[in-house]
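For reference, my_file_33.cif (mmCIF, N, CA and C atoms and all ligand atoms):
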data_run
#
loop_
_atom_site.label_atom_id
_atom_site.label_comp_id
_atom_site.auth_asym_id
_atom_site.auth_seq_id
_atom_site.Cartn_x
_atom_site.Cartn_y
_atom_site.Cartn_z
N MET A 1 -3.03 19.49 -7.88
CA MET A 1 -2.03 19.17 -6.86
C MET A 1 -2.23 20.07 -5.65
N HIS A 2 -1.97 19.50 -4.50
CA HIS A 2 -2.15 20.21 -3.23
C HIS A 2 -0.79 20.50 -2.61
N GLU A 3 -0.64 21.69 -2.05
CA GLU A 3 0.57 21.98 -1.31
C GLU A 3 0.35 21.52 0.13
N ILE A 4 1.25 20.67 0.60
CA ILE A 4 1.08 20.07 1.93
C ILE A 4 2.37 20.19 2.72
N ASN A 5 2.26 19.91 4.02
CA ASN A 5 3.42 20.00 4.91
C ASN A 5 3.63 18.68 5.64
N ASN A 6 4.84 18.51 6.15
CA ASN A 6 5.14 17.31 6.91
C ASN A 6 4.43 17.33 8.25
N GLY A 7 3.96 16.17 8.65
CA GLY A 7 3.40 15.99 9.99
C GLY A 7 4.31 15.05 10.78
N ARG A 8 3.71 14.09 11.45
CA ARG A 8 4.49 13.13 12.23
C ARG A 8 5.21 12.16 11.29
N ILE A 9 6.32 11.61 11.78
CA ILE A 9 7.02 10.56 11.03
C ILE A 9 7.21 9.37 11.97
N PHE A 10 6.87 8.19 11.49
CA PHE A 10 7.02 6.96 12.26
C PHE A 10 8.00 6.07 11.51
N MET A 11 8.91 5.42 12.26
CA MET A 11 9.89 4.53 11.64
C MET A 11 10.08 3.34 12.55
N GLY A 12 10.05 2.13 11.99
CA GLY A 12 10.26 0.96 12.82
C GLY A 12 9.93 -0.33 12.11
N GLN A 13 9.91 -1.38 12.91
CA GLN A 13 9.69 -2.72 12.37
C GLN A 13 8.22 -3.10 12.49
N VAL A 14 7.75 -3.79 11.48
CA VAL A 14 6.38 -4.32 11.48
C VAL A 14 6.47 -5.77 11.98
N PRO A 15 5.52 -6.21 12.82
CA PRO A 15 5.66 -7.54 13.44
C PRO A 15 5.71 -8.71 12.45
N HIS A 16 6.53 -9.70 12.81
CA HIS A 16 6.61 -10.98 12.11
C HIS A 16 5.21 -11.60 12.06
N ASP A 17 4.87 -12.17 10.93
CA ASP A 17 3.59 -12.87 10.71
C ASP A 17 2.38 -11.94 10.52
N ALA A 18 2.58 -10.63 10.63
CA ALA A 18 1.46 -9.73 10.36
C ALA A 18 1.15 -9.71 8.86
N ASP A 19 -0.08 -9.35 8.53
CA ASP A 19 -0.45 -9.17 7.12
C ASP A 19 0.06 -7.80 6.66
N LEU A 20 0.80 -7.80 5.57
CA LEU A 20 1.49 -6.58 5.14
C LEU A 20 0.53 -5.40 4.92
N LEU A 21 -0.53 -5.59 4.19
CA LEU A 21 -1.44 -4.47 3.93
C LEU A 21 -2.32 -4.16 5.15
N ASP A 22 -2.87 -5.20 5.75
CA ASP A 22 -3.82 -5.00 6.86
C ASP A 22 -3.13 -4.31 8.04
N TRP A 23 -1.85 -4.64 8.27
CA TRP A 23 -1.15 -4.01 9.40
C TRP A 23 -1.06 -2.50 9.20
N PHE A 24 -0.71 -2.07 7.99
CA PHE A 24 -0.58 -0.63 7.74
C PHE A 24 -1.95 0.06 7.79
N THR A 25 -2.97 -0.60 7.31
CA THR A 25 -4.32 -0.02 7.38
C THR A 25 -4.72 0.19 8.83
N GLU A 26 -4.49 -0.82 9.67
CA GLU A 26 -4.82 -0.68 11.10
C GLU A 26 -3.97 0.40 11.76
N PHE A 27 -2.69 0.45 11.39
CA PHE A 27 -1.78 1.44 11.99
C PHE A 27 -2.23 2.87 11.68
N VAL A 28 -2.51 3.16 10.42
CA VAL A 28 -2.87 4.54 10.06
C VAL A 28 -4.23 4.94 10.66
N ARG A 29 -5.12 3.96 10.81
CA ARG A 29 -6.42 4.27 11.44
C ARG A 29 -6.24 4.52 12.93
N LYS A 30 -5.38 3.70 13.58
CA LYS A 30 -5.11 3.86 15.01
C LYS A 30 -4.45 5.22 15.29
N LYS A 31 -3.53 5.64 14.42
CA LYS A 31 -2.82 6.90 14.61
C LYS A 31 -3.55 8.08 13.97
N ASN A 32 -4.67 7.80 13.32
CA ASN A 32 -5.45 8.81 12.60
C ASN A 32 -4.59 9.61 11.61
N ILE A 33 -3.86 8.89 10.79
CA ILE A 33 -3.08 9.52 9.72
C ILE A 33 -3.98 9.55 8.49
N GLN A 34 -4.39 10.76 8.09
CA GLN A 34 -5.38 10.89 7.01
C GLN A 34 -4.74 11.16 5.66
N LEU A 35 -3.45 11.54 5.69
CA LEU A 35 -2.74 11.84 4.45
C LEU A 35 -1.27 11.52 4.70
N GLY A 36 -0.63 10.84 3.75
CA GLY A 36 0.77 10.52 3.98
C GLY A 36 1.35 9.57 2.96
N GLU A 37 2.55 9.09 3.29
CA GLU A 37 3.20 8.13 2.40
C GLU A 37 3.89 7.06 3.24
N ILE A 38 4.10 5.91 2.61
CA ILE A 38 4.72 4.75 3.27
C ILE A 38 5.83 4.24 2.36
N THR A 39 6.99 3.94 2.95
CA THR A 39 8.02 3.20 2.21
C THR A 39 8.45 2.03 3.09
N LEU A 40 8.82 0.92 2.46
CA LEU A 40 9.19 -0.25 3.24
C LEU A 40 10.11 -1.18 2.45
N VAL A 41 10.91 -1.93 3.22
CA VAL A 41 11.74 -3.02 2.69
C VAL A 41 11.61 -4.19 3.66
N GLY A 42 11.98 -5.40 3.21
CA GLY A 42 11.91 -6.55 4.10
C GLY A 42 11.79 -7.85 3.34
N ALA A 43 11.00 -8.75 3.90
CA ALA A 43 10.78 -10.05 3.28
C ALA A 43 9.42 -10.58 3.69
N VAL A 44 8.85 -11.40 2.83
CA VAL A 44 7.56 -12.04 3.14
C VAL A 44 7.68 -13.55 2.99
N LYS A 45 6.78 -14.26 3.69
CA LYS A 45 6.67 -15.72 3.56
C LYS A 45 5.78 -16.07 2.38
N LYS A 46 4.92 -15.12 2.05
CA LYS A 46 3.93 -15.32 0.97
C LYS A 46 3.50 -13.94 0.50
N ALA A 47 3.31 -13.79 -0.81
CA ALA A 47 2.90 -12.49 -1.35
C ALA A 47 1.56 -12.61 -2.07
N THR A 48 0.72 -11.63 -1.85
CA THR A 48 -0.54 -11.56 -2.59
C THR A 48 -0.69 -10.13 -3.10
N MET A 49 -0.81 -10.03 -4.41
CA MET A 49 -0.96 -8.71 -5.03
C MET A 49 -2.00 -8.82 -6.14
N ALA A 50 -2.18 -7.75 -6.86
CA ALA A 50 -3.19 -7.76 -7.92
C ALA A 50 -2.72 -6.92 -9.10
N TYR A 51 -3.22 -7.31 -10.25
CA TYR A 51 -2.97 -6.58 -11.49
C TYR A 51 -4.31 -6.06 -12.00
N TYR A 52 -4.36 -4.79 -12.36
CA TYR A 52 -5.62 -4.21 -12.83
C TYR A 52 -5.69 -4.25 -14.35
N HIS A 53 -6.68 -4.98 -14.86
CA HIS A 53 -6.90 -5.04 -16.31
C HIS A 53 -7.68 -3.80 -16.72
N GLN A 54 -7.05 -2.95 -17.51
CA GLN A 54 -7.66 -1.66 -17.86
C GLN A 54 -8.88 -1.80 -18.77
N ASP A 55 -8.90 -2.86 -19.60
CA ASP A 55 -10.03 -3.06 -20.51
C ASP A 55 -11.27 -3.55 -19.77
N SER A 56 -11.08 -4.59 -18.96
CA SER A 56 -12.23 -5.17 -18.25
C SER A 56 -12.51 -4.46 -16.92
N LYS A 57 -11.56 -3.59 -16.50
CA LYS A 57 -11.67 -2.88 -15.23
C LYS A 57 -11.86 -3.85 -14.05
N GLN A 58 -11.07 -4.92 -14.10
CA GLN A 58 -11.12 -5.92 -13.03
C GLN A 58 -9.71 -6.16 -12.51
N TYR A 59 -9.61 -6.36 -11.21
CA TYR A 59 -8.34 -6.78 -10.62
C TYR A 59 -8.21 -8.30 -10.73
N GLU A 60 -7.03 -8.73 -11.14
CA GLU A 60 -6.73 -10.17 -11.12
C GLU A 60 -5.72 -10.40 -10.00
N GLN A 61 -6.03 -11.33 -9.11
CA GLN A 61 -5.15 -11.58 -7.97
C GLN A 61 -3.97 -12.45 -8.38
N ILE A 62 -2.79 -12.12 -7.86
CA ILE A 62 -1.57 -12.88 -8.10
C ILE A 62 -1.07 -13.35 -6.73
N VAL A 63 -1.01 -14.66 -6.53
CA VAL A 63 -0.53 -15.21 -5.25
C VAL A 63 0.78 -15.93 -5.48
N LEU A 64 1.81 -15.55 -4.74
CA LEU A 64 3.10 -16.24 -4.79
C LEU A 64 3.33 -16.83 -3.40
N ASP A 65 3.08 -18.13 -3.28
CA ASP A 65 3.15 -18.78 -1.97
C ASP A 65 4.57 -19.28 -1.74
N ARG A 66 5.49 -18.34 -1.57
CA ARG A 66 6.90 -18.66 -1.41
C ARG A 66 7.60 -17.51 -0.70
N HIS A 67 8.84 -17.79 -0.30
CA HIS A 67 9.60 -16.77 0.42
C HIS A 67 10.20 -15.77 -0.56
N LEU A 68 9.98 -14.51 -0.31
CA LEU A 68 10.42 -13.45 -1.23
C LEU A 68 10.97 -12.27 -0.44
N GLU A 69 11.91 -11.58 -1.06
CA GLU A 69 12.36 -10.30 -0.52
C GLU A 69 11.35 -9.22 -0.90
N ILE A 70 11.24 -8.23 -0.04
CA ILE A 70 10.54 -7.01 -0.45
C ILE A 70 11.63 -6.02 -0.84
N LEU A 71 11.79 -5.81 -2.14
CA LEU A 71 12.82 -4.87 -2.60
C LEU A 71 12.41 -3.43 -2.37
N HIS A 72 11.13 -3.21 -2.58
CA HIS A 72 10.64 -1.84 -2.49
C HIS A 72 9.12 -1.84 -2.34
N GLY A 73 8.68 -1.16 -1.33
CA GLY A 73 7.24 -0.95 -1.18
C GLY A 73 7.02 0.54 -1.06
N VAL A 74 6.06 1.04 -1.80
CA VAL A 74 5.78 2.48 -1.75
C VAL A 74 4.28 2.69 -1.86
N GLY A 75 3.80 3.65 -1.12
CA GLY A 75 2.36 3.86 -1.19
C GLY A 75 1.95 5.17 -0.56
N ASN A 76 0.65 5.38 -0.57
CA ASN A 76 0.12 6.61 -0.01
C ASN A 76 -1.05 6.33 0.91
N ILE A 77 -1.36 7.34 1.69
CA ILE A 77 -2.46 7.28 2.65
C ILE A 77 -3.39 8.44 2.33
N SER A 78 -4.66 8.13 2.15
CA SER A 78 -5.66 9.18 1.93
C SER A 78 -6.97 8.69 2.54
N MET A 79 -8.05 9.38 2.25
CA MET A 79 -9.33 9.02 2.85
C MET A 79 -10.23 8.32 1.83
N LYS A 80 -10.90 7.28 2.28
CA LYS A 80 -11.88 6.60 1.44
C LYS A 80 -13.05 6.20 2.35
N ASP A 81 -14.25 6.57 1.96
CA ASP A 81 -15.45 6.28 2.76
C ASP A 81 -15.30 6.77 4.20
N GLY A 82 -14.63 7.93 4.36
CA GLY A 82 -14.51 8.54 5.68
C GLY A 82 -13.46 7.93 6.59
N LYS A 83 -12.65 7.00 6.05
CA LYS A 83 -11.62 6.36 6.88
C LYS A 83 -10.27 6.41 6.17
N PRO A 84 -9.16 6.49 6.93
CA PRO A 84 -7.85 6.42 6.30
C PRO A 84 -7.68 5.12 5.51
N PHE A 85 -7.11 5.28 4.31
CA PHE A 85 -7.01 4.15 3.36
C PHE A 85 -5.58 4.10 2.84
N VAL A 86 -5.03 2.89 2.79
CA VAL A 86 -3.64 2.69 2.35
C VAL A 86 -3.63 2.09 0.94
N HIS A 87 -2.85 2.70 0.06
CA HIS A 87 -2.64 2.20 -1.30
C HIS A 87 -1.15 1.92 -1.45
N LEU A 88 -0.78 0.65 -1.58
CA LEU A 88 0.63 0.25 -1.61
C LEU A 88 0.92 -0.58 -2.86
N HIS A 89 2.07 -0.32 -3.47
CA HIS A 89 2.60 -1.17 -4.54
C HIS A 89 3.94 -1.72 -4.06
N VAL A 90 4.18 -3.00 -4.37
CA VAL A 90 5.37 -3.66 -3.85
C VAL A 90 6.08 -4.44 -4.95
N VAL A 91 7.42 -4.36 -4.93
CA VAL A 91 8.24 -5.20 -5.81
C VAL A 91 8.91 -6.27 -4.94
N PHE A 92 8.69 -7.53 -5.28
CA PHE A 92 9.27 -8.66 -4.57
C PHE A 92 10.35 -9.30 -5.44
N SER A 93 11.29 -10.04 -4.81
CA SER A 93 12.26 -10.79 -5.61
C SER A 93 12.48 -12.17 -5.01
N ASP A 94 12.86 -13.13 -5.89
CA ASP A 94 13.06 -14.51 -5.43
C ASP A 94 14.55 -14.84 -5.33
N ASP A 95 14.87 -16.13 -5.14
CA ASP A 95 16.25 -16.55 -4.92
C ASP A 95 17.12 -16.48 -6.18
N LYS A 96 16.52 -16.13 -7.29
CA LYS A 96 17.29 -15.90 -8.53
C LYS A 96 17.39 -14.40 -8.84
N GLY A 97 16.81 -13.61 -7.97
CA GLY A 97 16.80 -12.17 -8.21
C GLY A 97 15.72 -11.73 -9.18
N GLN A 98 14.86 -12.68 -9.53
CA GLN A 98 13.74 -12.31 -10.41
C GLN A 98 12.74 -11.48 -9.63
N THR A 99 12.15 -10.51 -10.29
CA THR A 99 11.22 -9.63 -9.59
C THR A 99 9.78 -9.82 -10.03
N PHE A 100 8.91 -9.54 -9.11
CA PHE A 100 7.46 -9.60 -9.32
C PHE A 100 6.90 -8.40 -8.60
N GLY A 101 5.86 -7.86 -9.11
CA GLY A 101 5.31 -6.71 -8.40
C GLY A 101 3.87 -6.49 -8.71
N GLY A 102 3.27 -5.64 -7.92
CA GLY A 102 1.87 -5.33 -8.17
C GLY A 102 1.26 -4.47 -7.08
N HIS A 103 -0.03 -4.32 -7.23
CA HIS A 103 -0.87 -3.59 -6.29
C HIS A 103 -1.11 -4.52 -5.10
N LEU A 104 -0.71 -4.08 -3.93
CA LEU A 104 -0.81 -4.96 -2.76
C LEU A 104 -2.26 -5.11 -2.30
N VAL A 105 -2.64 -6.36 -2.05
CA VAL A 105 -3.94 -6.65 -1.43
C VAL A 105 -3.67 -7.47 -0.17
N SER A 106 -4.69 -7.73 0.61
CA SER A 106 -4.52 -8.55 1.81
C SER A 106 -4.04 -9.94 1.42
N GLY A 107 -3.23 -10.55 2.30
CA GLY A 107 -2.79 -11.92 2.03
C GLY A 107 -1.29 -12.08 1.87
N SER A 108 -0.51 -11.06 2.24
CA SER A 108 0.95 -11.20 2.25
C SER A 108 1.39 -11.30 3.70
N THR A 109 2.17 -12.33 4.02
CA THR A 109 2.58 -12.58 5.40
C THR A 109 4.01 -12.11 5.60
N ILE A 110 4.20 -11.21 6.56
CA ILE A 110 5.53 -10.61 6.79
C ILE A 110 6.48 -11.60 7.46
N PHE A 111 7.69 -11.68 6.92
CA PHE A 111 8.80 -12.34 7.60
C PHE A 111 9.55 -11.28 8.40
N ALA A 112 9.89 -10.20 7.73
CA ALA A 112 10.50 -9.04 8.39
C ALA A 112 10.17 -7.82 7.56
N CYS A 113 9.98 -6.69 8.23
CA CYS A 113 9.63 -5.49 7.47
C CYS A 113 10.04 -4.25 8.23
N GLU A 114 10.80 -3.40 7.56
CA GLU A 114 11.22 -2.10 8.11
C GLU A 114 10.50 -1.03 7.32
N ALA A 115 9.85 -0.14 8.03
CA ALA A 115 9.00 0.82 7.32
C ALA A 115 9.14 2.24 7.88
N ILE A 116 8.84 3.17 7.00
CA ILE A 116 8.74 4.58 7.38
C ILE A 116 7.35 5.06 6.95
N VAL A 117 6.63 5.66 7.87
CA VAL A 117 5.32 6.23 7.56
C VAL A 117 5.39 7.73 7.82
N ARG A 118 5.13 8.50 6.80
CA ARG A 118 5.17 9.96 6.92
C ARG A 118 3.75 10.51 6.81
N GLU A 119 3.41 11.34 7.78
CA GLU A 119 2.11 12.01 7.74
C GLU A 119 2.27 13.36 7.05
N PHE A 120 1.29 13.73 6.26
CA PHE A 120 1.24 15.06 5.67
C PHE A 120 0.02 15.79 6.21
N ILE A 121 0.13 17.08 6.34
CA ILE A 121 -0.98 17.88 6.83
C ILE A 121 -1.21 19.07 5.87
N GLY A 122 -2.41 19.61 5.92
CA GLY A 122 -2.69 20.79 5.10
C GLY A 122 -3.65 20.55 3.96
N ALA A 123 -4.06 19.30 3.77
CA ALA A 123 -5.05 18.99 2.74
C ALA A 123 -5.71 17.67 3.09
N GLN A 124 -6.86 17.42 2.48
CA GLN A 124 -7.48 16.11 2.61
C GLN A 124 -7.80 15.60 1.22
N LEU A 125 -7.38 14.38 0.93
CA LEU A 125 -7.68 13.78 -0.36
C LEU A 125 -8.65 12.61 -0.14
N ASP A 126 -9.80 12.70 -0.81
CA ASP A 126 -10.83 11.66 -0.68
C ASP A 126 -10.90 10.86 -1.97
N ARG A 127 -10.93 9.55 -1.83
CA ARG A 127 -11.06 8.68 -3.00
C ARG A 127 -12.54 8.53 -3.37
N LYS A 128 -12.79 8.72 -4.68
CA LYS A 128 -14.15 8.53 -5.19
C LYS A 128 -14.08 7.74 -6.47
N MET A 129 -15.12 6.97 -6.74
CA MET A 129 -15.16 6.17 -7.97
C MET A 129 -15.08 7.08 -9.18
N GLU A 130 -14.19 6.73 -10.08
CA GLU A 130 -13.95 7.53 -11.28
C GLU A 130 -14.30 6.63 -12.47
N LYS A 131 -15.26 7.09 -13.28
CA LYS A 131 -15.84 6.22 -14.31
C LYS A 131 -14.86 5.79 -15.40
N THR A 132 -14.01 6.71 -15.84
CA THR A 132 -13.10 6.41 -16.97
C THR A 132 -12.19 5.23 -16.67
N THR A 133 -11.68 5.19 -15.45
CA THR A 133 -10.74 4.12 -15.08
C THR A 133 -11.39 2.99 -14.30
N GLY A 134 -12.54 3.25 -13.69
CA GLY A 134 -13.17 2.25 -12.82
C GLY A 134 -12.50 2.15 -11.47
N LEU A 135 -11.62 3.09 -11.17
CA LEU A 135 -10.87 3.07 -9.92
C LEU A 135 -11.35 4.16 -8.97
N THR A 136 -11.10 3.98 -7.69
CA THR A 136 -11.41 5.05 -6.74
C THR A 136 -10.17 5.93 -6.65
N LEU A 137 -10.28 7.12 -7.20
CA LEU A 137 -9.15 8.04 -7.31
C LEU A 137 -9.44 9.36 -6.63
N TRP A 138 -8.40 10.17 -6.50
CA TRP A 138 -8.57 11.52 -5.94
C TRP A 138 -9.17 12.41 -7.03
N SER A 139 -9.87 13.43 -6.62
CA SER A 139 -10.37 14.37 -7.62
C SER A 139 -9.17 15.17 -8.15
N THR A 140 -9.27 15.60 -9.40
CA THR A 140 -8.13 16.24 -10.04
C THR A 140 -8.05 17.75 -9.81
N ASP A 141 -9.01 18.32 -9.07
CA ASP A 141 -8.95 19.76 -8.81
C ASP A 141 -8.13 20.07 -7.58
ZN ZN A 201 -2.62 0.24 -6.99
#
Would you give me this structure, written as structure tokens?
Ligand code: ZN
Amino acid sequence: MHEINNGRIFMGQVPHDADLLDWFTEFVRKKNIQLGEITLVGAVKKATMAYYHQDSKQYEQIVLDRHLEILHGVGNISMKDGKPFVHLHVVFSDDKGQTFGGHLVSGSTIFACEAIVREFIGAQLDRKMEKTTGLTLWSTD
């Protein structure tokens, strides 16, 4: 674990019709936020997420082509291949209050989204392929 400090904080609305993951990736690269966290609430016109199968080490894509609330989105910002990288997990809900969630991938269209992006300073975390899980993770030292 790294001891880190607060940097800049951004709070506001994400544009209608933007791609939920791609917008945050572009934002953190534009602002050069190399370490941080993201929280968000809102709604989407369509959700695309993924589930990671631990045995086969493959992501399976889940597409919900319907209107959904974003109950909770949470994620982190770190470095991957020399560029800021966003890792977000989102819980969506439908008109019955049923929830769906997963690892966010490109392909979710924003209806409305309110977000807070917090920058952290004092450390750099780089994602590298980790054999045991098959995932690109931070080093544990
Ligand atoms: Zn994930």
Nearest residue to A:Phe92 from the set A:Gly42, A:Ile9, A:Met79, A:Phe111 (distances using only C-alpha atoms): A:Gly42
Take every atom of stretch 125-133 of chain A listed in the file, pad by 3 Å on each side, and give me the axis-aligned box centre and edge lengths in Å, one decimal, as AutoDock Vina command-line options.
--center_x -11.6 --center_y 8.7 --center_z -8.0 --size_x 14.5 --size_y 17.4 --size_z 23.9
Within 7 Å of ligand ZN 201 (chain A), which residues of chain A show up? Give each one with its shortest atom-to-atom distance in Å (one decimal) and the two atoms involved, counting only N, CA and C atoms and all ligand atoms, rows by chain then rising residue number, as JSON lines.
{"residue": "A:His87", "atom": "C", "partner": "A:ZN201", "partner_atom": "ZN", "distance": 6.0}
{"residue": "A:Leu88", "atom": "C", "partner": "A:ZN201", "partner_atom": "ZN", "distance": 5.5}
{"residue": "A:His89", "atom": "N", "partner": "A:ZN201", "partner_atom": "ZN", "distance": 5.9}
{"residue": "A:Gly102", "atom": "C", "partner": "A:ZN201", "partner_atom": "ZN", "distance": 6.1}
{"residue": "A:His103", "atom": "CA", "partner": "A:ZN201", "partner_atom": "ZN", "distance": 4.3}
{"residue": "A:Leu104", "atom": "N", "partner": "A:ZN201", "partner_atom": "ZN", "distance": 5.6}
Pick out the residues sitting within 8 Å of A:Lys80, and hand them over as a PDB file with N, CA and C atoms, in the frame of the given file; count only N, CA and C atoms, and ignore anything fewer than 2 positions along from it in its own chain.
ATOM      1  N   ILE A  77      -1.360   7.340   1.690  1.00  0.00           N
ATOM      2  CA  ILE A  77      -2.460   7.280   2.650  1.00  0.00           C
ATOM      3  C   ILE A  77      -3.390   8.440   2.330  1.00  0.00           C
ATOM      4  N   SER A  78      -4.660   8.130   2.150  1.00  0.00           N
ATOM      5  CA  SER A  78      -5.660   9.180   1.930  1.00  0.00           C
ATOM      6  C   SER A  78      -6.970   8.690   2.540  1.00  0.00           C
ATOM      7  N   GLY A  82     -14.630   7.930   4.360  1.00  0.00           N
ATOM      8  CA  GLY A  82     -14.510   8.540   5.680  1.00  0.00           C
ATOM      9  C   GLY A  82     -13.460   7.930   6.590  1.00  0.00           C
ATOM     10  N   LYS A  83     -12.650   7.000   6.050  1.00  0.00           N
ATOM     11  CA  LYS A  83     -11.620   6.360   6.880  1.00  0.00           C
ATOM     12  C   LYS A  83     -10.270   6.410   6.170  1.00  0.00           C
ATOM     13  N   PRO A  84      -9.160   6.490   6.930  1.00  0.00           N
ATOM     14  CA  PRO A  84      -7.850   6.420   6.300  1.00  0.00           C
ATOM     15  C   PRO A  84      -7.680   5.120   5.510  1.00  0.00           C
ATOM     16  N   PHE A  85      -7.110   5.280   4.310  1.00  0.00           N
ATOM     17  CA  PHE A  85      -7.010   4.150   3.360  1.00  0.00           C
ATOM     18  C   PHE A  85      -5.580   4.100   2.840  1.00  0.00           C
ATOM     19  N   VAL A  86      -5.030   2.890   2.790  1.00  0.00           N
ATOM     20  CA  VAL A  86      -3.640   2.690   2.350  1.00  0.00           C
ATOM     21  C   VAL A  86      -3.630   2.090   0.940  1.00  0.00           C
ATOM     22  N   LEU A 125      -7.380  14.380   0.930  1.00  0.00           N
ATOM     23  CA  LEU A 125      -7.680  13.780  -0.360  1.00  0.00           C
ATOM     24  C   LEU A 125      -8.650  12.610  -0.140  1.00  0.00           C
ATOM     25  N   ASP A 126      -9.800  12.700  -0.810  1.00  0.00           N
ATOM     26  CA  ASP A 126     -10.830  11.660  -0.680  1.00  0.00           C
ATOM     27  C   ASP A 126     -10.900  10.860  -1.970  1.00  0.00           C
ATOM     28  N   ARG A 127     -10.930   9.550  -1.830  1.00  0.00           N
ATOM     29  CA  ARG A 127     -11.060   8.680  -3.000  1.00  0.00           C
ATOM     30  C   ARG A 127     -12.540   8.530  -3.370  1.00  0.00           C
ATOM     31  N   LYS A 128     -12.790   8.720  -4.680  1.00  0.00           N
ATOM     32  CA  LYS A 128     -14.150   8.530  -5.190  1.00  0.00           C
ATOM     33  C   LYS A 128     -14.080   7.740  -6.470  1.00  0.00           C
TER      34      LYS A 128
END
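Here atom CA of A:Thr133 and atom C of A:Gln58 stand 10.6 Å from one another.
For the set A:His72, A:Thr140, A:Arg118, A:Gln124, the residue with the smallest atom-to-atom gap to A:Met11 is A:Arg118, counting only N, CA and C atoms.
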Close residues, A:Pro15 itself excluded, 6.5 Å, all atoms listed in the file, min 2 positions apart in chain, as number ranges by chain: A: 13, 17-18, 110-113
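When all atoms listed in the file are used to measure the gap to A:Phe10, the shortest distance among A:Val74, A:His53, A:Val117, A:Gln98 belongs to A:Val117.
Between A:Lys57 and the candidates A:Glu37, A:Ser93, A:Gly134, A:Lys30, the tightest atom-to-atom separation, counting only N, CA and C atoms, involves A:Gly134.
With atom CA of A:Leu20 on one side and atom N of A:Phe100 on the other, the separation reads 16.3 Å.
For the set A:Ile33, A:Leu135, A:Met129, A:Ile38, the residue with the smallest atom-to-atom gap to A:Asn76 is A:Ile38, counting all atoms listed in the file.
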Secondary structure check, strand (DSSP E) residues of stretch 5-136 of chain A, as a ChimeraX atom specification: /A:5-14,36-53,58-64,68-80,83-93,99-104,109-121,126-130,135-136
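When only C-alpha atoms are used to compute distances to A:Phe24, the closest of the residues A:Gly122, A:Gly75, A:Leu68, A:Thr132 turns out to be A:Gly75.
The gap separating atom C of A:Gly36 from atom C of A:Val105 is 18.0 Å, in Å to one decimal.
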Since the input has fewer atoms than a full residue there, write stretch 48-52 of chain A out with all heavy atoms, as a compact mmCIF listing (two decimals), keeping the file's coordinate frame.
# COMPACT_ATOMS: atom_id res chain seq x y z
N THR A 48 0.72 -11.63 -1.85
CA THR A 48 -0.54 -11.56 -2.59
C THR A 48 -0.69 -10.13 -3.10
O THR A 48 -0.65 -9.18 -2.34
CB THR A 48 -1.74 -11.92 -1.68
OG1 THR A 48 -1.50 -13.19 -1.08
CG2 THR A 48 -3.02 -12.01 -2.49
N MET A 49 -0.81 -10.03 -4.41
CA MET A 49 -0.96 -8.71 -5.03
C MET A 49 -2.00 -8.82 -6.14
O MET A 49 -2.59 -9.87 -6.33
CB MET A 49 0.39 -8.22 -5.55
CG MET A 49 1.05 -9.17 -6.50
SD MET A 49 2.82 -8.86 -6.61
CE MET A 49 3.39 -10.49 -7.00
N ALA A 50 -2.18 -7.75 -6.86
CA ALA A 50 -3.19 -7.76 -7.92
C ALA A 50 -2.72 -6.92 -9.10
O ALA A 50 -1.90 -6.01 -8.95
CB ALA A 50 -4.51 -7.21 -7.39
N TYR A 51 -3.22 -7.31 -10.25
CA TYR A 51 -2.97 -6.58 -11.49
C TYR A 51 -4.31 -6.06 -12.00
O TYR A 51 -5.29 -6.82 -12.07
CB TYR A 51 -2.32 -7.51 -12.53
CG TYR A 51 -2.16 -6.85 -13.87
CD1 TYR A 51 -1.07 -6.01 -14.12
CD2 TYR A 51 -3.10 -7.03 -14.89
CE1 TYR A 51 -0.93 -5.37 -15.34
CE2 TYR A 51 -2.97 -6.39 -16.11
CZ TYR A 51 -1.88 -5.57 -16.33
OH TYR A 51 -1.75 -4.93 -17.54
N TYR A 52 -4.36 -4.79 -12.36
CA TYR A 52 -5.62 -4.21 -12.83
C TYR A 52 -5.69 -4.25 -14.35
O TYR A 52 -4.85 -3.66 -15.04
CB TYR A 52 -5.73 -2.76 -12.35
CG TYR A 52 -7.09 -2.15 -12.59
CD1 TYR A 52 -8.20 -2.58 -11.86
CD2 TYR A 52 -7.27 -1.14 -13.53
CE1 TYR A 52 -9.44 -2.02 -12.06
CE2 TYR A 52 -8.52 -0.57 -13.74
CZ TYR A 52 -9.61 -1.02 -13.00
OH TYR A 52 -10.84 -0.47 -13.20
